[in-house]
Structure formats: C-alpha cells, structure tokens
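Okay, my_file-v2.txt is below, compact mmCIF, C-alpha atoms:
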# COMPACT_ATOMS: atom_id res chain seq x y z
CA MET D 1 101.04 119.59 149.28
CA THR D 2 98.45 119.33 146.55
CA HIS D 3 96.04 116.46 146.42
CA PHE D 4 96.81 113.93 143.65
CA ARG D 5 94.41 111.03 143.17
CA LEU D 6 94.07 108.41 140.47
CA GLU D 7 90.51 108.54 139.15
CA SER D 8 91.42 105.42 137.19
CA SER D 9 94.80 103.92 136.38
CA ARG D 10 94.95 106.18 133.32
CA LEU D 11 93.39 109.39 134.63
CA LEU D 12 94.86 111.66 137.27
CA GLU D 13 92.70 113.96 139.36
CA VAL D 14 94.37 116.95 140.99
CA GLU D 15 92.44 118.97 143.54
CA LEU D 16 93.63 122.53 143.84
CA ARG D 17 92.81 124.91 146.68
CA ASN D 18 94.38 128.11 145.46
CA GLU D 19 97.47 126.09 144.62
CA ARG D 20 99.70 125.46 141.65
CA VAL D 21 101.01 122.34 139.94
CA MET D 22 103.33 121.92 137.01
CA THR D 23 101.93 119.66 134.30
CA ARG D 24 102.98 118.60 130.85
CA ALA D 25 101.52 121.10 128.41
CA GLY D 26 98.38 119.83 126.76
CA ALA D 27 97.79 116.99 129.22
CA MET D 28 94.60 118.50 130.69
CA VAL D 29 91.54 116.54 129.61
CA ALA D 30 88.87 118.15 131.82
CA TYR D 31 88.50 120.57 134.70
CA ASP D 32 85.97 122.08 137.02
CA GLY D 33 86.31 125.34 138.93
CA GLN D 34 88.42 128.42 138.49
CA ILE D 35 91.57 127.10 136.88
CA LYS D 36 94.14 128.95 134.84
CA PHE D 37 96.59 127.29 132.48
CA GLU D 38 99.72 129.16 131.60
CA LYS D 39 102.54 128.08 129.42
CA SER D 40 105.63 128.01 131.56
CA ILE D 41 108.37 129.25 129.31
CA LEU D 42 111.15 128.68 131.76
CA GLY D 43 109.78 125.44 133.18
CA GLY D 44 110.17 126.71 136.72
CA GLU D 45 113.91 126.40 136.48
CA GLY D 46 114.85 129.95 135.71
CA LEU D 47 116.50 131.19 132.58
CA PHE D 48 119.60 129.04 132.98
CA GLY D 49 117.53 125.93 133.68
CA ALA D 50 115.41 126.49 130.60
CA LEU D 51 118.51 127.00 128.49
CA LYS D 52 120.06 123.83 129.85
CA ARG D 53 116.92 121.91 129.06
CA ARG D 54 116.88 123.13 125.49
CA VAL D 55 120.56 122.47 124.93
CA GLY D 56 120.42 119.12 126.67
CA GLY D 57 117.63 117.80 124.52
CA GLU D 58 115.36 117.23 127.52
CA GLY D 59 112.79 119.21 125.64
CA PHE D 60 109.27 119.03 126.96
CA ASP D 61 106.79 121.79 127.53
CA LEU D 62 105.44 122.47 130.96
CA MET D 63 102.43 124.49 131.92
CA THR D 64 101.45 125.99 135.22
CA THR D 65 97.99 124.94 136.36
CA SER D 66 96.69 127.14 139.17
CA GLY D 67 93.47 128.10 140.87
CA THR D 68 90.75 126.35 142.83
CA GLY D 69 88.95 123.29 141.54
CA ARG D 70 89.58 119.88 140.06
CA VAL D 71 91.74 119.14 137.05
CA TYR D 72 91.87 115.84 135.18
CA ILE D 73 95.14 114.99 133.51
CA ALA D 74 95.98 112.16 131.12
CA GLN D 75 98.32 111.43 128.22
CA ASN D 76 97.57 109.01 125.38
CA ALA D 77 95.67 106.70 127.76
CA ALA D 78 98.98 105.65 129.29
CA GLU D 79 98.95 104.27 132.80
CA ILE D 80 99.87 106.75 135.51
CA LEU D 81 102.32 106.12 138.31
CA LEU D 82 102.06 108.22 141.47
CA VAL D 83 105.24 108.72 143.46
CA PRO D 84 104.87 110.57 146.76
CA LEU D 85 108.16 112.08 147.88
CA GLN D 86 109.16 113.01 151.43
CA ASN D 87 112.08 115.35 151.07
CA GLU D 88 113.52 113.05 148.42
CA LYS D 89 114.79 113.36 144.91
CA ILE D 90 113.60 111.39 141.91
CA PHE D 91 115.47 111.07 138.64
CA ILE D 92 112.95 110.75 135.85
CA GLU D 93 112.90 110.64 132.06
CA SER D 94 111.35 113.87 130.86
CA SER D 95 109.24 111.92 128.37
CA SER D 96 107.64 110.10 131.32
CA LEU D 97 107.02 113.12 133.54
CA LEU D 98 103.35 114.13 133.70
CA ALA D 99 102.85 116.41 136.70
CA PHE D 100 104.39 117.48 139.99
CA ASP D 101 103.76 119.83 142.88
CA ASP D 102 104.82 123.37 142.20
CA GLY D 103 106.58 123.50 145.57
CA MET D 104 109.14 120.99 144.35
CA ARG D 105 112.29 121.86 142.54
CA SER D 106 112.95 120.42 139.13
CA ASN D 107 116.30 120.45 137.46
CA THR D 108 118.13 119.07 134.47
CA VAL D 109 121.22 117.04 135.16
CA PHE D 110 123.83 115.37 133.03
CA ALA D 111 122.98 111.71 132.65
CA GLY D 112 126.17 110.47 131.12
CA LEU D 113 126.58 108.64 127.89
CA ARG D 114 123.26 106.85 128.15
CA GLY D 115 121.16 109.42 126.37
CA ALA D 116 123.50 109.68 123.45
CA SER D 117 122.78 106.19 122.19
CA SER D 118 119.19 105.76 123.29
CA GLY D 119 118.17 109.02 121.72
CA GLN D 120 116.69 110.39 124.90
CA GLY D 121 119.03 113.28 125.33
CA LEU D 122 122.21 113.60 127.29
CA PHE D 123 120.39 114.95 130.28
CA THR D 124 117.76 113.68 132.64
CA THR D 125 115.25 115.50 134.82
CA THR D 126 115.24 115.53 138.60
CA VAL D 127 112.37 116.54 140.86
CA GLU D 128 113.22 117.23 144.49
CA GLY D 129 111.31 118.07 147.65
CA THR D 130 108.12 116.98 149.37
CA GLY D 131 105.01 116.33 147.33
CA ASN D 132 103.60 114.19 144.57
CA VAL D 133 105.09 113.32 141.21
CA ALA D 134 102.98 111.70 138.49
CA ALA D 135 104.69 109.76 135.72
CA ILE D 136 103.27 108.04 132.67
CA SER D 137 104.01 104.42 131.95
CA ASP D 138 103.18 102.45 128.82
CA GLY D 139 101.62 99.48 130.62
CA THR D 140 101.58 99.05 134.41
CA ALA D 141 104.83 100.30 135.89
CA ILE D 142 107.07 97.89 137.79
CA LEU D 143 108.90 98.92 140.96
CA LEU D 144 112.19 97.13 141.43
CA GLU D 145 114.36 97.29 144.50
CA VAL D 146 118.11 97.74 144.27
CA THR D 147 120.28 96.64 147.17
CA PRO D 148 124.09 96.60 147.46
CA SER D 149 124.10 92.83 146.89
CA GLU D 150 121.59 92.88 144.03
CA PRO D 151 122.39 95.26 141.23
CA LEU D 152 119.75 95.72 138.55
CA PHE D 153 120.14 95.98 134.78
CA VAL D 154 117.54 97.82 132.74
CA ASP D 155 116.94 98.46 129.06
CA PRO D 156 117.25 102.26 128.55
CA ASP D 157 114.03 102.28 126.53
CA ALA D 158 112.01 100.79 129.39
CA PHE D 159 113.49 103.01 132.07
CA ILE D 160 111.23 105.59 133.74
CA GLY D 161 113.13 106.80 136.79
CA PHE D 162 114.73 106.00 140.10
CA LYS D 163 115.02 107.33 143.63
CA GLY D 164 117.29 106.63 146.54
CA ASN D 165 121.00 106.31 146.97
CA ILE D 166 121.63 104.76 143.58
CA ARG D 167 124.53 104.93 141.22
CA GLN D 168 123.61 104.74 137.58
CA GLU D 169 126.08 103.35 135.10
CA PHE D 170 125.91 102.84 131.42
CA VAL D 171 127.28 99.44 130.45
CA PHE D 172 128.20 98.19 127.04
CA ASP D 173 127.96 94.50 126.37
CA VAL D 174 129.89 94.73 123.17
CA ASN D 175 131.98 91.99 121.67
CA TRP D 176 133.36 91.23 118.25
CA LYS D 177 130.00 89.97 117.07
CA THR D 178 128.49 93.42 117.56
CA MET D 179 131.15 94.74 115.24
CA ILE D 180 130.20 92.43 112.42
CA GLY D 181 126.55 93.32 112.77
CA GLN D 182 125.42 90.36 114.84
CA SER D 183 124.47 92.35 117.88
CA SER D 184 122.39 90.77 120.60
CA GLY D 185 120.08 93.77 120.61
CA GLU D 186 120.69 94.16 124.31
CA SER D 187 124.16 95.66 124.07
CA TYR D 188 123.39 98.86 125.94
CA GLN D 189 122.13 98.54 129.46
CA LEU D 190 121.71 100.69 132.51
CA LYS D 191 123.25 99.26 135.65
CA PHE D 192 121.91 100.41 139.00
CA THR D 193 123.90 99.80 142.17
CA GLY D 194 123.34 100.99 145.72
CA GLN D 195 120.13 101.19 147.70
CA GLY D 196 116.87 102.42 146.27
CA LEU D 197 113.99 101.95 143.91
CA VAL D 198 113.87 101.81 140.11
CA TYR D 199 110.70 102.40 138.08
CA ILE D 200 110.36 100.70 134.70
CA GLN D 201 107.59 100.27 132.14
CA PRO D 202 106.80 96.97 130.39
CA SER D 203 107.29 98.55 127.00
CA GLU D 204 110.07 100.01 124.96
CA ARG D 205 109.84 103.54 123.68
CA ARG D 206 110.08 103.90 119.95
CA MET A 1 104.30 96.79 145.18
CA ILE A 2 108.05 96.77 145.33
CA LEU A 3 109.76 93.71 143.91
CA ASN A 4 113.31 92.45 144.11
CA HIS A 5 115.32 89.45 142.98
CA GLN A 6 113.74 87.19 145.61
CA THR A 7 110.14 88.34 145.40
CA LEU A 8 109.92 88.41 141.60
CA PRO A 9 107.82 85.48 140.36
CA ALA A 10 109.77 82.55 138.92
CA ASN A 11 108.36 82.07 135.42
CA GLY A 12 105.22 84.09 136.01
CA ASN A 13 103.52 87.37 135.19
CA ILE A 14 104.42 90.46 137.22
CA ASN A 15 101.41 92.21 135.72
CA PRO A 16 99.50 91.47 132.51
CA TYR A 17 102.19 93.27 130.50
CA ALA A 18 105.43 91.97 132.03
CA PHE A 19 106.70 88.44 132.42
CA CYS A 20 109.57 87.25 134.61
CA ILE A 21 111.69 84.25 133.61
CA ASP A 22 113.89 82.45 136.12
CA VAL A 23 116.90 81.75 133.92
CA THR A 24 119.00 78.79 135.05
CA GLY A 25 120.35 77.45 131.78
CA GLU A 26 119.82 78.62 128.26
CA MET A 27 116.83 80.48 126.93
CA LEU A 28 116.11 82.03 123.56
CA ILE A 29 114.48 85.44 123.58
CA ARG A 30 113.46 87.90 120.90
CA LYS A 31 115.92 90.70 120.37
CA GLY A 32 115.17 93.89 122.27
CA LYS A 33 112.42 92.52 124.47
CA MET A 34 114.46 92.39 127.66
CA ILE A 35 113.39 95.27 129.86
CA ALA A 36 115.31 94.48 133.06
CA TYR A 37 117.17 91.72 134.90
CA TYR A 38 118.82 90.78 138.18
CA GLY A 39 121.75 88.39 138.39
CA SER A 40 124.49 87.58 135.92
CA LEU A 41 123.09 87.06 132.46
CA ARG A 42 124.75 87.24 129.08
CA PHE A 43 123.06 88.01 125.80
CA GLU A 44 124.68 86.46 122.75
CA ALA A 45 123.70 86.73 119.15
CA LEU A 46 122.80 83.45 117.51
CA GLY A 47 124.73 81.87 114.75
CA ALA A 48 128.17 82.64 116.03
CA GLY A 49 130.63 80.76 118.19
CA PRO A 50 129.31 78.17 120.60
CA PHE A 51 125.70 78.82 119.67
CA GLU A 52 126.05 77.57 116.14
CA VAL A 53 124.90 74.19 117.41
CA LEU A 54 121.74 75.78 118.80
CA VAL A 55 120.86 77.35 115.48
CA ASN A 56 121.32 74.06 113.76
CA GLU A 57 119.27 72.03 116.19
CA VAL A 58 116.78 74.41 117.77
CA LEU A 59 116.30 77.34 115.48
CA ASN A 60 116.08 75.72 112.12
CA SER A 61 115.56 79.01 110.35
CA PRO A 62 118.29 81.41 109.28
CA LEU A 63 115.68 84.13 108.89
CA GLN A 64 114.66 83.93 112.51
CA ALA A 65 118.19 83.51 113.86
CA ARG A 66 118.69 87.23 113.41
CA ASN A 67 115.66 87.99 115.57
CA PHE A 68 116.56 85.86 118.55
CA VAL A 69 119.38 85.93 121.08
CA VAL A 70 120.57 83.35 123.59
CA VAL A 71 120.44 84.21 127.27
CA THR A 72 122.86 82.29 129.48
CA GLY A 73 123.68 82.47 133.17
CA ARG A 74 121.57 82.68 136.29
CA GLY A 75 119.11 85.38 137.16
CA LYS A 76 115.63 86.79 136.84
CA LEU A 77 114.83 88.25 133.45
CA ILE A 78 111.85 90.55 132.81
CA LEU A 79 110.33 90.68 129.33
CA GLY A 80 107.97 93.27 127.91
CA ASP A 81 106.56 93.95 124.46
CA ARG A 82 105.10 97.38 123.66
CA GLY A 83 102.71 97.11 126.61
CA HIS A 84 100.99 94.08 125.07
CA ASN A 85 99.60 91.25 127.19
CA LEU A 86 102.14 88.53 127.93
CA ALA A 87 101.56 84.92 128.90
CA SER A 88 103.49 81.68 129.04
CA TYR A 89 102.32 78.48 127.40
CA ASP A 90 103.40 74.88 127.87
CA LEU A 91 103.72 72.45 125.03
CA GLU A 92 103.79 68.74 125.70
CA ASP A 93 104.96 66.85 122.68
CA GLY A 94 102.88 69.29 120.71
CA SER A 95 102.99 71.44 117.66
CA LEU A 96 102.04 75.10 117.69
CA THR A 97 102.29 77.65 114.93
CA ILE A 98 102.38 81.27 116.02
CA ARG A 99 103.00 84.68 114.51
CA SER A 100 106.74 85.08 114.86
CA GLU A 101 106.72 88.66 116.14
CA ASN A 102 104.58 87.52 119.08
CA VAL A 103 107.08 84.91 120.27
CA LEU A 104 109.16 86.58 122.96
CA GLY A 105 111.08 83.62 124.31
CA PHE A 106 111.22 79.85 124.39
CA GLN A 107 113.20 77.03 125.92
CA PRO A 108 115.77 75.34 123.69
CA SER A 109 114.00 72.03 124.32
CA LEU A 110 111.49 73.25 121.75
CA ALA A 111 112.42 73.09 118.12
CA CYS A 112 111.56 76.18 116.15
CA HIS A 113 110.82 75.92 112.44
CA GLU A 114 109.76 78.41 109.84
CA SER A 115 106.12 77.87 108.94
CA ILE A 116 104.93 77.57 105.37
CA ILE A 117 102.78 80.66 106.07
CA PRO A 118 105.10 83.68 105.90
CA GLY A 119 105.64 85.44 109.22
CA TYR A 120 104.78 82.43 111.33
CA LEU A 121 106.90 80.01 113.34
CA THR A 122 106.19 76.43 114.30
CA LEU A 123 107.29 75.25 117.73
CA LEU A 124 107.62 71.50 118.15
CA GLY A 125 108.27 69.30 121.16
CA THR A 126 108.02 69.75 124.91
CA GLY A 127 108.77 72.97 126.74
CA SER A 128 107.36 76.39 127.47
CA PHE A 129 107.38 79.66 125.62
CA VAL A 130 106.31 83.25 126.27
CA ALA A 131 104.14 85.06 123.76
CA SER A 132 102.51 88.47 123.54
CA SER A 133 99.10 89.49 122.30
CA ASN A 134 97.28 92.78 121.98
CA GLY A 135 94.64 92.05 124.60
CA PRO A 136 94.21 88.61 126.18
CA VAL A 137 94.34 85.46 124.04
CA HIS A 138 91.10 83.69 123.12
CA PHE A 139 90.92 80.06 122.14
CA LEU A 140 88.54 78.88 119.42
CA GLU A 141 87.57 75.44 118.18
CA PRO A 142 87.42 74.78 114.45
CA PRO A 143 85.61 75.00 112.13
CA VAL A 144 86.18 78.74 112.28
CA LYS A 145 87.09 81.60 109.95
CA VAL A 146 89.50 84.18 111.30
CA ASP A 147 90.61 87.66 110.28
CA GLU A 148 94.30 87.66 109.38
CA ASP A 149 95.17 90.53 111.71
CA ALA A 150 93.46 88.95 114.71
CA LEU A 151 95.10 85.56 114.23
CA LEU A 152 97.89 84.64 116.62
CA GLY A 153 98.37 80.99 115.83
CA TRP A 154 97.00 77.50 115.86
CA ALA A 155 97.88 74.28 117.67
CA ASP A 156 97.82 70.60 116.74
CA MET A 157 96.00 71.09 113.45
CA PRO A 158 96.58 71.46 109.73
CA ALA A 159 97.54 74.83 108.27
CA PRO A 160 94.62 77.05 107.25
CA SER A 161 93.60 78.06 103.78
CA TYR A 162 92.46 81.41 102.50
CA ARG A 163 88.81 81.92 101.87
CA TYR A 164 87.39 84.78 99.82
CA ASP A 165 83.84 86.08 99.93
CA TYR A 166 83.01 86.12 96.27
CA ASN A 167 79.34 86.02 96.97
CA TYR A 168 78.98 89.69 97.25
CA VAL A 169 81.35 90.63 94.44
CA ARG A 170 79.10 89.35 91.72
CA GLY A 171 79.17 92.25 89.31
CA ALA A 172 82.19 93.02 87.14
CA LEU A 173 82.66 96.42 88.68
CA ARG A 174 82.51 95.03 92.18
CA THR A 175 85.04 92.34 91.33
CA VAL A 176 87.51 95.04 90.40
CA GLY A 177 86.56 96.80 93.61
CA ALA A 178 87.30 93.76 95.70
CA LEU A 179 90.74 93.41 94.20
CA VAL A 180 91.58 97.08 94.56
CA LYS A 181 92.17 97.91 98.19
CA GLY A 182 89.86 100.40 99.82
CA TRP A 183 86.60 99.18 98.33
CA GLY A 184 84.33 96.86 100.18
CA THR A 185 84.22 96.08 103.88
CA GLY A 186 87.79 94.88 104.28
CA GLU A 187 86.49 91.54 105.46
CA GLU A 188 86.45 89.71 102.15
CA LYS A 189 89.52 87.63 102.91
CA GLN A 190 89.66 85.23 105.82
CA LEU A 191 91.65 82.27 107.04
CA ASP A 192 89.61 79.11 107.11
CA PHE A 193 90.42 76.50 109.77
CA SER A 194 89.08 72.99 109.67
CA GLY A 195 89.91 69.76 111.44
CA ASN A 196 90.72 69.23 115.10
CA GLY A 197 92.81 71.51 117.25
CA THR A 198 92.79 74.99 118.75
CA VAL A 199 92.94 78.42 117.12
CA LEU A 200 94.45 81.32 119.08
CA ILE A 201 93.19 84.84 118.39
CA GLN A 202 93.57 88.28 119.94
CA ALA A 203 90.75 90.75 120.39
CA SER A 204 92.50 93.27 118.20
CA GLU A 205 93.25 93.80 114.56
CA ARG A 206 96.55 95.43 115.15
CA GLY A 207 98.45 93.74 112.38
CA VAL A 208 102.12 93.17 111.89
CA GLN A 209 103.83 96.47 112.51
CA ARG A 210 107.29 97.43 113.43

Turn the structure described in the file into structure tokens.
Amino acid sequence: MTHFRLESSRLLEVELRNERVMTRAGAMVAYDGQIKFEKSILGGEGLFGALKRRVGGEGFDLMTTSGTGRVYIAQNAAEILLVPLQNEKIFIESSSLLAFDDGMRSNTVFAGLRGASSGQGLFTTTVEGTGNVAAISDGTAILLEVTPSEPLFVDPDAFIGFKGNIRQEFVFDVNWKTMIGQSSGESYQLKFTGQGLVYIQPSERR
Amino acid sequence: MILNHQTLPANGNINPYAFCIDVTGEMLIRKGKMIAYYGSLRFEALGAGPFEVLVNEVLNSPLQARNFVVVTGRGKLILGDRGHNLASYDLEDGSLTIRSENVLGFQPSLACHESIIPGYLTLLGTGSFVASSNGPVHFLEPPVKVDEDALLGWADMPAPSYRYDYNYVRGALRTVGALVKGWGTGEEKQLDFSGNGTVLIQASERGVQR
C-alpha cells in the first residue's frame, strides 16, 4: 500500500518506494527522486475496459507514476479527499478521481439514466481493493451517512462518490409545471438507500 | 467527519462552503443550489398553484420569481454555491439590500423586493437568510467608497451613488480613454456610501458571472 499524505488540503504527497500509482494525467505539480510518468493508454483496465470508458463517456486520461521518491499531485487548487479502502469498493465520478493505488482494480460500470441528463456520461468509475483513493472536491467535501431508515437525496452535480451497500436511484421530481417551463431546478436527484457513505462537494459542476 | 440526519447542524455551517437548513415549514431557496437533503422535501416552482400567494406577498418581483423555488416538508437541506463561503444572517425589523445572485435562501417572513439598483434585492422585515460570498464577508462603516465587483450589499442605509474619478482624466485624450474600456486603472468608477448603516463587501472582485 503506497503512502498517501495531504501536504495541505489542496496538495497530495505520495511517497513511492519502487511502487506505482495511477494518477490523473497532468496532475503532477512537483517531484523528487527517480520517478517515471507514463501515459496509460488502457487506464489499467485492459483493452475492453479502455474501450468501455471511451464509449461510455467516462473519458479521463490516466498516467502511471512509478519509481522511488516523492510526488506532489494537485488539480486546479481543488480540495483533496483521501479515502482509505480496506477491501472495499468505491463508486466515484471520473471527473473527481485524482489518484489511486496501482494494486487496486478500477472499472467502468453502467450508472443508469443519471449521466444522460447531468452530462456526466452514462457510466461511472469504480475502484476496488485495499489502498488509498484520492478525489478532488470543489470546496471541502462532506461525508454523509445513509442508513435504511434515512435515505439521502443528492444533486447529481454535487455528487462525488459513495461506498458501502448502497442502492443508487435516479429520481425525477417532474410535474406539469416542469412541462410548461416552470421547473424547480431540482427536478433530477440521486436517491441513495441502504447502508453506507456518500461523498459530496459543496459546489455544482458546470 | 461523517454526518447524518441527526448530527447535521440545524441552521448552521457544515464547513465554510456548505450550509444546512432545518426545514420545518416553508423556505425559499435559489434554484439549483440544493446539493443534498435528508427527509421528505418538495421543491416547487414559484408562481404556480398554491404558491401564487407567496409570490404576491413575499417575493414582490416577477423577475426573481423565476430564480427561486419553495421548499416544503420536513428535513435537513444542504446548500452550496460554487464553493463560495456561506453564512446565515438574521434581520430584525431591518432592511438589507444584497446582490441577488448571492442570496441562496430566506424565510418567507422576510419580504423580498427588487432594488432600484439592477441585480440587487431588498429584504425587509424579521427573519433569517443564507447568502454566499467569494471569501468571508467584511463589514464596513460609511462613509466608504466600494468597488462594484466587491460589493455584496448594504443594510439600514440609503442607496449608494456612483462616483467617478475625473481628477485624473483631465486631458481630452484621457477623457476618451476613461470612457473606452481598457484604458486607465479600472478603478475610476466606485459606489459611494454615505449616512448611517453597514456596507457588506467580499475580498474578491469576482463579479456577476453565470
């Protein structure tokens, strides 16, 4: 398991000891030591995974960062959220994914209708295994608990990811007023039921 | 820190960029600023059906009615605005004029009127509202001159007037330069506040943008 540490809330330090991490291409801001950056054409998901990503509109470029030394990673001075996983699976918006341990498996899964309307692609990214995942958040991320008795509703534009035994639904709050152009602006929501944790950012992607 | 319906603050900040409202009755919020909620809440567009009364009495501005929605029901509602700083303010039989795009929500006990300055709203009465600012809000006492882009609003005082620095545009050529954008320092035009009251500014010149 590679060593992830937040140098500040907006700068991630990764210490590599002859190890590899996957990072968003172009997110390196500084490094020290013997580090190699390679564009990962297949994104660590094999040919089929890469194809799925392209077709599914979950397009983001990954690079493999390997070697021995320290790497500093940041993106547009956005705040960084560290999620340590213990043999777990996190569902995450590809636009929020910053870095993860190379030992973990990433995949692209069908996310349902949600992406079609929010413009974030029909698919979402999953990262599975044991290790660290770093996500970017526009403003300090908020961690919200979902329990069977307390479902949670989230604006798709503020959604970062979730983990746990959660069911994600896409709900329309559409009535006749939406049809005549008087929409409430909150007509599309994500509903989370089950048991787990949802990560959101206090900002709406544009 | 993991939060849930019970541990979320009731009408308080979760962090500087997110605000949680404990909705028990009706609340007006700006369209699209809801980021998450627990409980059973409904979002209804203004100006239709049972909320026509609200538009008439609370939101006395057809222009703004399109930007706000009514939240009804019970639950905890989280607001966010482009990662800007959020805070709640209480008015007690007061009058506060604020840049309309910075008003994220207010109680219907406040009356909302369109200000004579375009792009600003005037809130009158007693109640609380949530507003955003790019960086924390600073309060100034008049007399003061403020850059238009840094101005958030003003409370309990007369509307400001524009003030131009003509001192430095003495020559004919420079006068043309001052009128044509791009010449000069960009600080020739200010808002001049006088009288008693409070001026609210943000430490940023991020102007109106959508």

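In this model, the gap between atom CA of D:Gly139 and atom CA of A:Gly83 comes to 4.8 Å.
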
Residues within 7 Å of D:Thr64, all atoms listed in the file, excluding chain neighbours under 4 positions, as number ranges by chain
D: 20-23, 37-40

Near stretch 80-86 of chain D, counting only C-alpha atoms, which residues have an atom at most 7 Å away, once you skip same-chain residues fewer than 5 positions from it, shown as a PyMOL selection string?
chain D and resi 9-10+129-137+141

- Message: Taking only C-alpha atoms into account, name the residue in A:Gly119, A:Pro136, A:Gly32, A:Gly75 that is nearest to chain D.
- Response: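 Ranking A:Gly119, A:Pro136, A:Gly32, A:Gly75 by distance to chain D, first place goes to A:Gly32.
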
Please identify all residues of chain A having at least one atom at most 6 Å from any atom of chain D, considering only C-alpha atoms, and return them as a list in words. Ile2, Leu3, Asn4, Tyr17, Ala18, Lys31, Gly32, Ile35, Ala36, Tyr37, Tyr38, Phe43, Glu44, Ala45, Val69, Gly80, Asp81, Arg82 and Gly83 of chain A

Atom CA of A:Ala65 and atom CA of A:Phe139 are how many Å apart?
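About the pair atom CA of A:Ala65 and atom CA of A:Phe139: they are 28.7 Å apart.
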
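Ranking A:Gln107, A:Gln6, A:Asn85, A:Ser194 by their shortest atom-to-atom distance to A:Phe68, with only C-alpha atoms included, puts A:Gln107 first.
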
Which polymer residues, whether protein, DNA or RNA, lie within 7 Å of the coordinate (93.8, 91.8, 117.4) when you count all atoms listed in the file? List them as a list of chain:residue names, using the chain letters and numbers from the file.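 Residues lying no farther than 7 Å from the given point: A:Asn134, A:Asp149, A:Ala150, A:Gln202, A:Ala203, A:Ser204, A:Glu205, A:Arg206.
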
Separating atom CA of A:Leu104 from atom CA of A:Leu86, to the nearest tenth of an Å, is a gap of 8.8 Å

Taking every listed atom of stretch 75-93 of chain A and adding 4 Å to each side, what centre and edge lengths in Å (one decimal) does the axis-aligned box have, as AutoDock Vina command-line options?
--center_x 109.4 --center_y 82.1 --center_z 129.9 --size_x 27.5 --size_y 38.5 --size_z 22.5

_as number ranges by chain, please: the residues near D:Ile166 (cut-off 7 Å, only C-alpha atoms, same-chain neighbours under 2 positions excluded)._
D: 164, 168, 192-196

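Proximity of A:Leu200, A:Ala131, A:Leu191, A:Met34 to A:Tyr162, computed with all atoms listed in the file, is greatest for A:Leu191.
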
| said: Quick one: residues within 6 Å of stretch 151-156 of chain A, all atoms listed in the file, excluding same-chain residues fewer than 2 positions away - as a ChimeraX atom specification? | reply: /A:95-99,148-149,197-201

Taking only C-alpha atoms, show stretch 102-128 of chain A of the given structure as a short mmCIF file (atom, residue, chain, number, x, y, z; two decimals), in the first residue's frame.
data_model
loop_
_atom_site.label_atom_id
_atom_site.label_comp_id
_atom_site.auth_asym_id
_atom_site.auth_seq_id
_atom_site.Cartn_x
_atom_site.Cartn_y
_atom_site.Cartn_z
CA ASN A 102 -25.67 35.79 -3.60
CA VAL A 103 -29.00 35.16 -1.87
CA LEU A 104 -29.33 31.40 -1.54
CA GLY A 105 -32.36 31.14 0.69
CA PHE A 106 -34.62 33.09 3.01
CA GLN A 107 -37.60 32.60 5.27
CA PRO A 108 -40.97 33.70 3.90
CA SER A 109 -41.34 36.00 6.92
CA LEU A 110 -39.00 38.31 5.03
CA ALA A 111 -40.38 40.34 2.19
CA CYS A 112 -38.22 40.39 -0.89
CA HIS A 113 -38.32 43.36 -3.23
CA GLU A 114 -36.43 44.27 -6.34
CA SER A 115 -33.93 47.02 -5.60
CA ILE A 116 -33.67 50.16 -7.68
CA ILE A 117 -30.07 49.09 -8.42
CA PRO A 118 -30.25 46.37 -11.07
CA GLY A 119 -29.19 42.93 -9.88
CA TYR A 120 -29.89 43.62 -6.23
CA LEU A 121 -32.69 42.52 -3.91
CA THR A 122 -34.01 44.22 -0.81
CA LEU A 123 -35.06 42.03 2.11
CA LEU A 124 -37.41 43.63 4.61
CA GLY A 125 -38.75 42.52 7.97
CA THR A 126 -37.73 39.90 10.52
CA GLY A 127 -36.22 36.55 9.67
CA SER A 128 -33.02 34.91 8.54
#
